[in-house]
Amino acid sequence: MNVTALDGNTKTTNQPAAMSAQTVDYQSFLRLLVAQMKNQDPTSPMESTDYIAQLATFSQVEQSVQMNSNLQAMLQANTLSQANGLIGRYIETMDGKIAGLVKEVQIYSDGSVLVLEDGTRVPMGTPMTVMESAPPPEENTENTENTENTESGSGEA
């Protein structure tokens, strides 16, 4: 983007628009309000109710921003608590494709990932079953039945 300076020189900037956007905090708002009061037209001054409305609106926005940051902190604390409860537990995805003991939980800005002992990574939002420990290995019921049938059959002969 080319920007023409006041002295006529052309300067090139490569800053993205999002980076150049500035946030207005409470002190900036008060400076703008004072500047507005100083530079208003003396023949038609701004009504005091307009100033109060501006202050009230800014106050509401500031409270919303603070509430959002507090909610974000609560969500992070909740995520940490849930993650702590999963470490050392055995998990199995609902489709049965992934199972194992949770070794660690990695928390990123876009979500959490469970890391199993074998290094498998499972997103925390994946539907899963959580158990205290690994289930005992399932015995093959077909082999057990065949063994019982041959044992009972050999005893009769």
# chains A, B, ... in the order shown; residues from 1 in each chain; ligands from 1

$ residues_around --residues "Gln106 (chain A)" --least-positions-apart "3" --cutoff "10 Å" --atoms "only C-alpha atoms" --output "PDB file with N, CA and C atoms, in the first residue's frame"
ATOM      1  N   LEU A  80      -8.342 -26.597  31.988  1.00  0.00           N
ATOM      2  CA  LEU A  80      -7.230 -27.134  32.771  1.00  0.00           C
ATOM      3  C   LEU A  80      -7.708 -28.171  33.779  1.00  0.00           C
ATOM      4  N   ALA A  83      -8.596 -31.326  31.894  1.00  0.00           N
ATOM      5  CA  ALA A  83      -7.367 -31.969  31.418  1.00  0.00           C
ATOM      6  C   ALA A  83      -6.666 -32.683  32.563  1.00  0.00           C
ATOM      7  N   GLY A 111      -7.684 -25.197  21.159  1.00  0.00           N
ATOM      8  CA  GLY A 111      -8.215 -26.414  21.760  1.00  0.00           C
ATOM      9  C   GLY A 111      -7.144 -27.224  22.459  1.00  0.00           C
ATOM     10  N   SER A 112      -7.566 -28.357  23.013  1.00  0.00           N
ATOM     11  CA  SER A 112      -6.668 -29.224  23.765  1.00  0.00           C
ATOM     12  C   SER A 112      -6.510 -30.558  23.049  1.00  0.00           C
ATOM     13  N   VAL A 113      -5.353 -31.180  23.239  1.00  0.00           N
ATOM     14  CA  VAL A 113      -5.052 -32.462  22.621  1.00  0.00           C
ATOM     15  C   VAL A 113      -4.564 -33.408  23.704  1.00  0.00           C
ATOM     16  N   LEU A 114      -5.151 -34.607  23.744  1.00  0.00           N
ATOM     17  CA  LEU A 114      -4.693 -35.644  24.666  1.00  0.00           C
ATOM     18  C   LEU A 114      -3.582 -36.428  23.979  1.00  0.00           C
ATOM     19  N   VAL A 115      -2.485 -36.667  24.686  1.00  0.00           N
ATOM     20  CA  VAL A 115      -1.381 -37.451  24.142  1.00  0.00           C
ATOM     21  C   VAL A 115      -1.344 -38.759  24.923  1.00  0.00           C
ATOM     22  N   ARG A 121      -2.249 -38.807  19.281  1.00  0.00           N
ATOM     23  CA  ARG A 121      -2.834 -37.528  19.709  1.00  0.00           C
ATOM     24  C   ARG A 121      -4.327 -37.554  19.406  1.00  0.00           C
ATOM     25  N   PRO A 123      -7.854 -35.171  19.788  1.00  0.00           N
ATOM     26  CA  PRO A 123      -8.447 -33.884  20.179  1.00  0.00           C
ATOM     27  C   PRO A 123      -9.401 -34.090  21.356  1.00  0.00           C
ATOM     28  N   MET A 124      -9.393 -33.166  22.312  1.00  0.00           N
ATOM     29  CA  MET A 124     -10.172 -33.329  23.525  1.00  0.00           C
ATOM     30  C   MET A 124     -11.674 -33.349  23.261  1.00  0.00           C
TER      31      MET A 124
END

$ select_by_dssp --residues "region 13-133 of chain A" --states "alpha helix (DSSP H)" --output "MDAnalysis selection string"
chainID A and resid 17:20 26:38 48:86

$ write_last_selection --atoms "C-alpha atoms" --output "CSV table (one decimal), in the first residue's frame"
chain,number,residue,atom,x,y,z
A,17,ALA,CA,-4.7,-3.7,8.1
A,18,ALA,CA,-5.4,-5.8,11.2
A,19,MET,CA,-2.0,-4.9,12.7
A,20,SER,CA,-2.4,-1.2,12.1
A,26,TYR,CA,-10.7,4.4,28.5
A,27,GLN,CA,-7.9,7.0,28.7
A,28,SER,CA,-8.0,7.5,25.0
A,29,PHE,CA,-11.7,7.9,25.1
A,30,LEU,CA,-11.4,10.6,27.8
A,31,ARG,CA,-8.7,12.4,25.8
A,32,LEU,CA,-11.0,12.4,22.7
A,33,LEU,CA,-13.9,13.7,24.8
A,34,VAL,CA,-11.9,16.5,26.3
A,35,ALA,CA,-10.6,17.4,22.8
A,36,GLN,CA,-14.2,17.4,21.5
A,37,MET,CA,-15.2,19.7,24.3
A,38,LYS,CA,-12.3,22.1,23.7
A,48,SER,CA,-24.5,17.7,28.3
A,49,THR,CA,-26.9,14.8,27.7
A,50,ASP,CA,-24.9,13.9,24.6
A,51,TYR,CA,-21.7,13.7,26.6
A,52,ILE,CA,-23.4,11.5,29.2
A,53,ALA,CA,-24.7,9.2,26.5
A,54,GLN,CA,-21.2,8.9,25.0
A,55,LEU,CA,-19.8,8.1,28.5
A,56,ALA,CA,-22.5,5.5,29.2
A,57,THR,CA,-22.0,3.8,25.8
A,58,PHE,CA,-18.3,3.6,26.3
A,59,SER,CA,-18.8,2.3,29.8
A,60,GLN,CA,-21.0,-0.5,28.5
A,61,VAL,CA,-18.5,-1.5,25.9
A,62,GLU,CA,-15.7,-1.5,28.4
A,63,GLN,CA,-17.8,-3.7,30.8
A,64,SER,CA,-18.5,-6.1,27.9
A,65,VAL,CA,-14.8,-6.4,27.1
A,66,GLN,CA,-14.0,-7.1,30.7
A,67,MET,CA,-16.8,-9.7,31.0
A,68,ASN,CA,-15.5,-11.4,27.9
A,69,SER,CA,-12.0,-11.6,29.3
A,70,ASN,CA,-13.3,-13.0,32.6
A,71,LEU,CA,-15.3,-15.6,30.7
A,72,GLN,CA,-12.3,-16.5,28.7
A,73,ALA,CA,-10.3,-17.0,31.9
A,74,MET,CA,-13.0,-19.2,33.4
A,75,LEU,CA,-13.1,-21.3,30.3
A,76,GLN,CA,-9.3,-21.8,30.4
A,77,ALA,CA,-9.5,-22.8,34.1
A,78,ASN,CA,-12.3,-25.3,33.3
A,79,THR,CA,-10.2,-26.8,30.5
A,80,LEU,CA,-7.2,-27.1,32.8
A,81,SER,CA,-9.4,-28.8,35.4
A,82,GLN,CA,-10.8,-31.3,32.8
A,83,ALA,CA,-7.4,-32.0,31.4
A,84,ASN,CA,-6.0,-32.7,34.9
A,85,GLY,CA,-8.7,-35.2,35.5
A,86,LEU,CA,-7.8,-37.1,32.3

$ atom_distance --atom1 "CA of Glu117 (chain A)" --atom2 "CA of Gly100 (chain A)"
6.8 Å
